[in-house]
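> mmCIF, C-alpha atoms, file entry-v7.cif:
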```cif
data_upload
loop_
_atom_site.label_atom_id
_atom_site.label_comp_id
_atom_site.auth_asym_id
_atom_site.auth_seq_id
_atom_site.Cartn_x
_atom_site.Cartn_y
_atom_site.Cartn_z
CA MET S 1 106.25 11.34 99.77
CA THR S 2 108.81 13.06 97.58
CA THR S 3 110.93 15.85 98.99
CA LEU S 4 110.86 19.25 97.39
CA LEU S 5 114.61 19.00 97.21
CA ASP S 6 114.60 15.95 94.96
CA THR S 7 111.81 16.76 92.57
CA PRO S 8 112.52 18.06 89.07
CA ALA S 9 111.22 21.55 88.48
CA SER S 10 109.35 20.29 85.44
CA THR S 11 106.94 18.42 87.69
CA LEU S 12 106.02 21.51 89.67
CA SER S 13 103.12 23.67 88.76
CA GLU S 14 101.94 27.03 89.91
CA GLN S 15 98.63 25.53 90.97
CA ASN S 16 99.81 22.28 92.52
CA ILE S 17 102.54 22.58 95.11
CA HIS S 18 101.67 21.08 98.47
CA LEU S 19 104.26 21.69 101.12
CA THR S 20 104.64 20.52 104.67
CA GLY S 21 107.66 22.36 105.89
CA LEU S 22 110.09 21.60 103.11
CA ARG S 23 108.27 18.50 101.85
CA PHE S 24 105.70 18.43 99.13
CA GLU S 25 103.68 16.14 96.92
CA PRO S 26 103.86 17.09 93.27
CA SER S 27 100.79 16.66 91.14
CA PRO S 28 100.15 17.27 87.45
CA GLY S 29 100.14 20.98 86.80
CA THR S 30 99.10 23.51 84.27
CA ARG S 31 102.28 25.57 84.18
CA ASP S 32 105.66 24.00 83.64
CA LEU S 33 108.02 26.07 85.77
CA ASN S 34 111.05 24.48 84.18
CA ALA S 35 109.95 25.64 80.77
CA VAL S 36 109.12 29.07 82.11
CA SER S 37 112.47 29.49 83.81
CA ARG S 38 114.35 28.55 80.67
CA THR S 39 112.94 31.52 78.85
CA ALA S 40 115.59 33.57 80.62
CA GLU S 41 119.28 32.86 80.64
CA ALA S 42 120.30 31.38 83.99
CA PRO S 43 123.84 31.46 85.41
CA ALA S 44 125.87 28.30 84.90
CA ALA S 45 124.92 25.57 87.32
CA ASP S 46 128.55 24.79 88.12
CA GLU S 47 129.21 28.38 89.07
CA TRP S 48 126.17 28.50 91.34
CA LEU S 49 127.02 25.21 93.05
CA GLU S 50 130.54 26.42 93.76
CA GLN S 51 129.22 29.68 95.20
CA LEU S 52 126.70 27.74 97.27
CA SER S 53 129.33 25.42 98.73
CA ASP S 54 131.65 28.32 99.51
CA ARG S 55 128.89 30.25 101.23
CA LEU S 56 127.74 27.30 103.33
CA SER S 57 131.35 26.63 104.35
CA GLU S 58 131.66 30.26 105.41
CA LEU S 59 128.44 30.10 107.42
CA ALA S 60 129.44 26.80 109.04
CA GLN S 61 132.43 28.57 110.54
CA LEU S 62 130.37 31.17 112.40
CA ARG S 63 131.05 31.02 116.12
CA PRO S 64 128.70 31.90 118.99
CA GLY S 65 128.39 35.67 119.15
CA TRP S 66 129.21 36.18 115.47
CA ASP S 67 127.08 39.34 115.56
CA ALA S 68 129.34 40.70 118.33
CA ILE S 69 126.54 40.05 120.82
CA SER S 70 124.94 36.65 121.34
CA ALA S 71 124.01 35.15 117.97
CA LEU S 72 124.00 31.36 117.82
CA PRO S 73 126.00 29.40 115.25
CA VAL S 74 124.02 27.94 112.36
CA ASP S 75 122.48 24.59 113.27
CA PRO S 76 124.49 21.97 111.33
CA THR S 77 121.36 19.97 110.50
CA LEU S 78 120.07 22.90 108.43
CA MET S 79 123.17 23.01 106.23
CA ASP S 80 122.31 19.77 104.46
CA VAL S 81 118.68 20.73 104.03
CA VAL S 82 119.61 24.07 102.50
CA PHE S 83 122.28 22.57 100.25
CA LYS S 84 119.82 20.04 98.84
CA PHE S 85 117.16 22.67 98.28
CA ALA S 86 119.49 25.28 96.82
CA SER S 87 121.12 22.74 94.49
CA SER S 88 117.82 21.23 93.33
CA ASP S 89 116.57 21.57 89.76
CA LEU S 90 114.04 24.07 90.97
CA ILE S 91 116.70 26.54 92.10
CA LEU S 92 119.22 25.66 89.39
CA ASN S 93 116.73 26.72 86.77
CA LEU S 94 115.86 30.05 88.32
CA THR S 95 117.37 33.14 86.80
CA HIS S 96 117.72 34.67 90.25
CA LYS S 97 119.54 32.58 92.82
CA PRO S 98 118.97 33.06 96.55
CA GLN S 99 121.34 34.74 98.96
CA LEU S 100 122.06 32.66 102.06
CA VAL S 101 121.89 34.52 105.34
CA PRO S 102 122.25 33.25 108.91
CA THR S 103 119.75 34.20 111.57
CA ILE S 104 120.76 35.03 115.11
CA ASN S 105 118.88 32.05 116.55
CA GLY S 106 120.91 29.48 114.60
CA GLY S 107 118.70 29.38 111.53
CA LEU S 108 119.30 29.99 107.86
CA ALA S 109 117.37 32.18 105.45
CA LEU S 110 117.26 32.08 101.66
CA GLU S 111 116.62 35.58 100.38
CA TRP S 112 115.68 36.83 96.94
CA HIS S 113 115.62 40.55 96.27
CA THR S 114 114.92 41.65 92.70
CA GLU S 115 113.39 44.75 91.14
CA SER S 116 109.92 43.35 91.73
CA ILE S 117 110.17 40.46 94.18
CA ASP S 118 111.29 40.08 97.77
CA MET S 119 111.11 36.58 99.16
CA ILE S 120 112.61 35.11 102.31
CA ILE S 121 112.35 31.45 103.21
CA GLU S 122 113.58 30.97 106.75
CA LEU S 123 114.58 27.68 108.34
CA SER S 124 114.92 27.59 112.07
CA PRO S 125 116.26 24.79 114.28
CA ASP S 126 113.23 24.97 116.54
CA SER S 127 110.27 25.92 114.36
CA GLU S 128 108.64 25.24 111.02
CA ALA S 129 109.90 26.79 107.79
CA SER S 130 108.39 30.22 107.19
CA ILE S 131 108.09 32.56 104.25
CA TYR S 132 107.83 36.27 103.53
CA TYR S 133 106.89 37.30 100.02
CA ARG S 134 106.26 40.69 98.44
CA ASP S 135 105.48 41.46 94.82
CA GLU S 136 106.03 45.14 94.01
CA ASP S 137 104.19 44.85 90.69
CA SER S 138 100.95 43.54 92.10
CA ASP S 139 101.36 45.04 95.59
CA GLU S 140 100.73 41.57 96.97
CA ASP S 141 102.40 40.19 100.04
CA ALA S 142 102.25 37.08 102.18
CA GLU S 143 103.84 35.99 105.42
CA GLY S 144 103.61 32.95 107.63
CA LEU S 145 104.32 29.25 107.61
CA LEU S 146 105.66 28.03 104.29
CA ARG S 147 103.09 25.24 104.05
CA GLU S 148 100.30 27.79 104.34
CA HIS S 149 101.60 30.00 101.52
CA THR S 150 102.41 27.60 98.72
CA GLN S 151 100.55 29.69 96.16
CA ALA S 152 102.71 32.70 96.96
CA LEU S 153 105.81 30.53 96.72
CA ALA S 154 104.74 29.20 93.34
CA ARG S 155 103.99 32.69 92.01
CA ALA S 156 107.35 33.94 93.23
CA ILE S 157 109.18 31.04 91.61
CA VAL S 158 107.53 31.77 88.28
CA LYS S 159 108.50 35.44 88.50
CA LEU S 160 112.04 34.64 89.58
CA GLY S 161 112.35 32.46 86.51
CA TYR S 162 110.89 34.99 84.13
CA ARG S 163 113.04 37.88 85.20
CA SER S 164 116.49 38.45 83.78
CA MET T 1 115.81 52.84 136.08
CA THR T 2 113.96 55.19 133.74
CA ARG T 3 115.40 55.47 130.28
CA SER T 4 114.83 58.53 128.14
CA GLU T 5 113.39 58.22 124.68
CA VAL T 6 115.38 59.13 121.59
CA ALA T 7 113.73 62.00 119.68
CA PRO T 8 111.68 61.09 116.60
CA SER T 9 113.80 63.46 114.52
CA ASP T 10 116.97 61.54 115.40
CA HIS T 11 118.50 58.56 113.61
CA VAL T 12 120.15 55.47 115.03
CA PHE T 13 123.10 53.43 113.82
CA ARG T 14 123.06 49.63 113.83
CA ARG T 15 126.15 47.46 113.37
CA VAL T 16 125.74 44.92 110.58
CA PRO T 17 127.93 41.78 110.44
CA PRO T 18 129.38 41.01 106.99
CA VAL T 19 127.24 37.89 106.59
CA LEU T 20 124.08 39.99 106.94
CA VAL T 21 124.81 42.34 104.04
CA VAL T 22 122.67 41.45 101.01
CA SER T 23 122.33 42.79 97.51
CA ASP T 24 119.05 44.44 96.55
CA PRO T 25 118.70 46.33 93.26
CA LYS T 26 115.88 48.43 94.74
CA VAL T 27 118.11 50.36 97.11
CA PRO T 28 120.73 52.99 96.22
CA GLY T 29 124.11 51.32 95.88
CA GLY T 30 122.54 47.89 95.57
CA LEU T 31 123.55 46.72 99.06
CA ARG T 32 121.66 46.78 102.34
CA ALA T 33 121.35 44.92 105.60
CA SER T 34 119.22 41.80 105.65
CA SER T 35 116.08 41.91 107.75
CA SER T 36 117.90 39.36 109.94
CA ALA T 37 120.07 42.25 111.14
CA PHE T 38 117.09 43.86 112.85
CA CYS T 39 116.21 41.31 115.51
CA ASP T 40 116.27 41.21 119.27
CA ASP T 41 118.97 39.04 120.80
CA PRO T 42 118.36 35.29 121.18
CA ASP T 43 118.10 35.78 124.95
CA GLY T 44 115.29 38.30 124.44
CA SER T 45 117.34 41.44 125.05
CA PRO T 46 116.22 44.29 122.81
CA MET T 47 118.14 45.20 119.67
CA SER T 48 121.11 47.51 120.29
CA VAL T 49 121.71 50.78 118.43
CA TYR T 50 123.64 54.03 118.80
CA ALA T 51 121.86 57.39 118.73
CA MET T 52 123.28 59.55 115.96
CA SER T 53 122.83 62.86 117.81
CA ILE T 54 124.93 61.61 120.73
CA VAL T 55 127.57 60.04 118.50
CA THR T 56 127.89 63.45 116.86
CA ARG T 57 127.97 65.22 120.23
CA LEU T 58 130.86 62.97 121.20
CA GLY T 59 132.77 64.34 118.23
CA LEU T 60 132.46 61.04 116.39
CA ASP T 61 130.69 59.87 113.25
CA HIS T 62 129.14 56.65 111.94
CA THR T 63 132.53 55.05 111.33
CA ALA T 64 133.12 54.93 115.10
CA VAL T 65 130.17 52.54 115.46
CA VAL T 66 132.25 49.73 113.95
CA TYR T 67 135.39 50.69 115.83
CA GLY T 68 137.72 47.69 115.94
CA LYS T 69 135.64 45.61 113.54
CA GLU T 70 137.10 43.64 110.68
CA SER T 71 136.59 44.21 106.98
CA GLY T 72 133.03 43.78 105.83
CA TRP T 73 131.22 45.08 108.88
CA GLY T 74 128.65 47.71 107.96
CA VAL T 75 126.69 50.49 109.60
CA ALA T 76 122.99 50.92 108.84
CA GLN T 77 121.32 54.25 109.57
CA THR T 78 117.66 54.12 110.58
CA PRO T 79 115.31 57.07 111.14
CA VAL T 80 113.72 56.87 114.58
CA GLU T 81 110.51 57.97 112.89
CA LEU T 82 110.53 54.78 110.80
CA LEU T 83 111.00 52.66 113.91
CA ALA T 84 108.10 54.45 115.56
CA GLU T 85 105.91 53.72 112.52
CA GLU T 86 106.81 50.07 113.02
CA GLU T 87 105.73 50.24 116.67
CA GLN T 88 109.27 50.30 118.04
CA GLN T 89 110.37 52.50 120.91
CA VAL T 90 113.98 53.73 120.99
CA LEU T 91 115.38 54.28 124.47
CA LEU T 92 118.77 55.53 125.56
CA ASP T 93 120.72 52.91 127.47
CA PRO T 94 124.30 54.19 127.86
CA VAL T 95 126.90 51.54 128.54
CA VAL T 96 128.99 52.34 131.59
CA ALA T 97 131.85 50.76 133.50
CA VAL T 98 132.52 47.87 131.16
CA GLU T 99 135.77 45.98 130.91
CA VAL T 100 136.28 46.81 127.24
CA PRO T 101 134.78 50.23 126.53
CA HIS T 102 133.57 51.27 123.08
CA PRO T 103 133.86 54.90 121.92
CA CYS T 104 130.11 55.07 121.30
CA ASP T 105 129.07 53.62 124.69
CA PRO T 106 127.41 56.87 125.87
CA ALA T 107 125.21 56.80 122.73
CA HIS T 108 124.05 53.23 123.20
CA GLY T 109 120.32 52.62 123.02
CA ILE T 110 117.82 49.82 122.75
CA VAL T 111 114.90 49.31 120.39
CA VAL T 112 111.91 47.86 122.18
CA GLY T 113 108.98 46.29 120.36
CA ASP T 114 107.76 43.22 118.51
CA LYS T 115 110.16 42.35 115.68
CA GLN T 116 108.74 38.93 114.85
CA PRO T 117 106.91 39.91 111.64
CA LYS T 118 109.33 39.57 108.73
CA SER T 119 107.41 42.22 106.82
CA ARG T 120 108.16 44.68 109.61
CA ARG T 121 111.86 43.82 109.68
CA GLU T 122 111.99 44.02 105.89
CA ARG T 123 110.52 47.54 105.93
CA ILE T 124 113.01 48.57 108.58
CA ALA T 125 115.90 47.01 106.64
CA ARG T 126 114.89 48.72 103.40
CA GLY T 127 114.61 52.05 105.20
CA SER T 128 118.04 51.70 106.77
CA PRO T 129 120.72 52.41 104.18
CA LEU T 130 124.26 51.26 104.77
CA VAL T 131 126.25 54.41 105.42
CA HIS T 132 129.58 52.72 105.98
CA ILE T 133 131.28 49.41 105.30
CA VAL T 134 134.69 48.64 106.77
CA HIS T 135 137.12 48.26 103.86
CA ILE T 136 135.63 46.22 101.03
CA VAL T 137 132.81 43.74 101.36
CA HIS T 138 132.65 40.74 99.06
CA ILE T 139 129.13 39.40 98.60
CA VAL T 140 128.73 35.72 97.84
CA PRO T 141 125.16 34.51 97.42
#
```
Please express the file's structure as structure tokens.


Amino acid sequence: MTTLLDTPASTLSEQNIHLTGLRFEPSPGTRDLNAVSRTAEAPAADEWLEQLSDRLSELAQLRPGWDAISALPVDPTLMDVVFKFASSDLILNLTHKPQLVPTINGGLALEWHTESIDMIIELSPDSEASIYYRDEDSDEDAEGLLREHTQALARAIVKLGYRS
Amino acid sequence: MTRSEVAPSDHVFRRVPPVLVVSDPKVPGGLRASSSAFCDDPDGSPMSVYAMSIVTRLGLDHTAVVYGKESGWGVAQTPVELLAEEEQQVLLDPVVAVEVPHPCDPAHGIVVGDKQPKSRRERIARGSPLVHIVHIVHIVP
């Protein structure tokens, strides 16, 4: 099984992403997301990777109670997972990069908020990866386990690549 | 102990840590609190807020909510009506006799209800504009 984090975006397709948590098996597709995403000008990869590293370093320093109440520090095992995903070809080729946000239970969320798309992929230390997706243009939304909403994820990725 | 309900016409203030401020082009000013800022505590205690009407009655304003906080902390303002639409009940829960008092302690309240659905927290977050940020916040994705 190939991990989502290691697979070139060009092998992904809107119709053929099969995820189990953050793992997936690519299969030949009808829409080349890499080609789609390159229709818009993406920020330099180097710049994004530097921002990503800085942000993860910042989040790694959060102490218990960082919300002034009882929030837990980010689970260190999630840092590596998120770095690999956020530095993968898939994300590097998106016009819109995610914002990294801690959750109070020690998890990490990747959030995209654009004029038309809201998407949150949340990783938690004690439960499966989940997703929230809303498309303002089509009035479509989806919420639940990531592996159960791969079509929504694929549609969002296409739109995040198209938009400038 | 019976807690009184905050009136539907009121608003509540919620403290937002700097790491939970996100950019969103759909909201005025382009910044808002992440939906992760609108959760109950990890131990199950309900989300804390401050009732705007009482903050005002104390002669204070929204800036007092982040009294003593460092640069980057924000204050989100949420209509109680919106919380009610999202099946949340806002109850007054004044903080008394604590070791380190906060100026807004008498206005403290709790928001009771299921906050698990991300869609619900997203709607609350989008309906809760940031009305104050301590100094300057620097957003890094």

> Once you count all atoms listed in the file, which residues of chain S turn out to be within 6 Å of chain T? Could you give them as a ChimeraX atom specification?

/S:67,99-100,103,105,113,115

> Restricting the calculation to only C-alpha atoms: of T:Ser4, T:Tyr50, T:Leu31, T:Val66, which residue gets closest to His135 in chain T?

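Looking at the shortest contact to His135 in chain T, the residue is T:Val66.
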
> Taking the file as shown, find all residues satisfying the PyMOL selection byres ((chain S and resi 140-151) around 6) and write them as a ChimeraX atom specification.

/S:19-21,129-135,138-139,152-154

> Take the selection from the previous step and output its residues with C-alpha atoms, as a compact mmCIF listing (two decimals), in the frame of the given file.


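Saved to result29.txt:
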```txt
# COMPACT_ATOMS: atom_id res chain seq x y z
CA LEU S 19 104.26 21.69 101.12
CA THR S 20 104.64 20.52 104.67
CA GLY S 21 107.66 22.36 105.89
CA ALA S 129 109.90 26.79 107.79
CA SER S 130 108.39 30.22 107.19
CA ILE S 131 108.09 32.56 104.25
CA TYR S 132 107.83 36.27 103.53
CA TYR S 133 106.89 37.30 100.02
CA ARG S 134 106.26 40.69 98.44
CA ASP S 135 105.48 41.46 94.82
CA SER S 138 100.95 43.54 92.10
CA ASP S 139 101.36 45.04 95.59
CA ALA S 152 102.71 32.70 96.96
CA LEU S 153 105.81 30.53 96.72
CA ALA S 154 104.74 29.20 93.34
```

> Tell me, in Å to one decimal, how far CA of Ala76 in chain T is from CA of Arg32 in chain T.

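Those two atoms sit 7.8 Å apart.
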
> Between CA of Pro76 in chain S and CA of Pro98 in chain S, what is the spacing in Å?

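So the two atoms, CA of Pro98 in chain S and CA of Pro76 in chain S, lie 19.3 Å apart.
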
> Contacts of Val55 in chain T at 8 Å or less, counting all atoms listed in the file, minus same-chain residues fewer than 6 places along, as a PyMOL selection string?

chain T and resi 61-62+104+107

> As an exercise, work out the distance from CA of Ile54 in chain T to CA of Pro106 in chain T in Å and give it to one decimal place.

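Rounded to one decimal, the two atoms are 7.4 Å apart.
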
> When you count all atoms listed in the file, which of these residues is closest to Arg14 in chain T: S:Asp80, S:Ala45, S:Val158, S:Ala68?

S:Ala68

> Using all atoms listed in the file, can you tell me which of S:Met79, S:Ile69, S:Ile104, S:Leu110 comes closest to Ser57 in chain S?

S:Met79

> Up to 7 Å from (112.4, 59.8, 119.2) in the file's coordinates: name the residues, counting all atoms listed in the file, as an MDAnalysis selection string.

chainID T and resid 5:10 80:81 90

> With distances taken over only C-alpha atoms, which residue among T:Val100, T:Ala51, T:Leu92, T:Ile124 lies nearest Gly68 in chain T?

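Ranking T:Val100, T:Ala51, T:Leu92, T:Ile124 by distance to Gly68 in chain T, first place goes to T:Val100.
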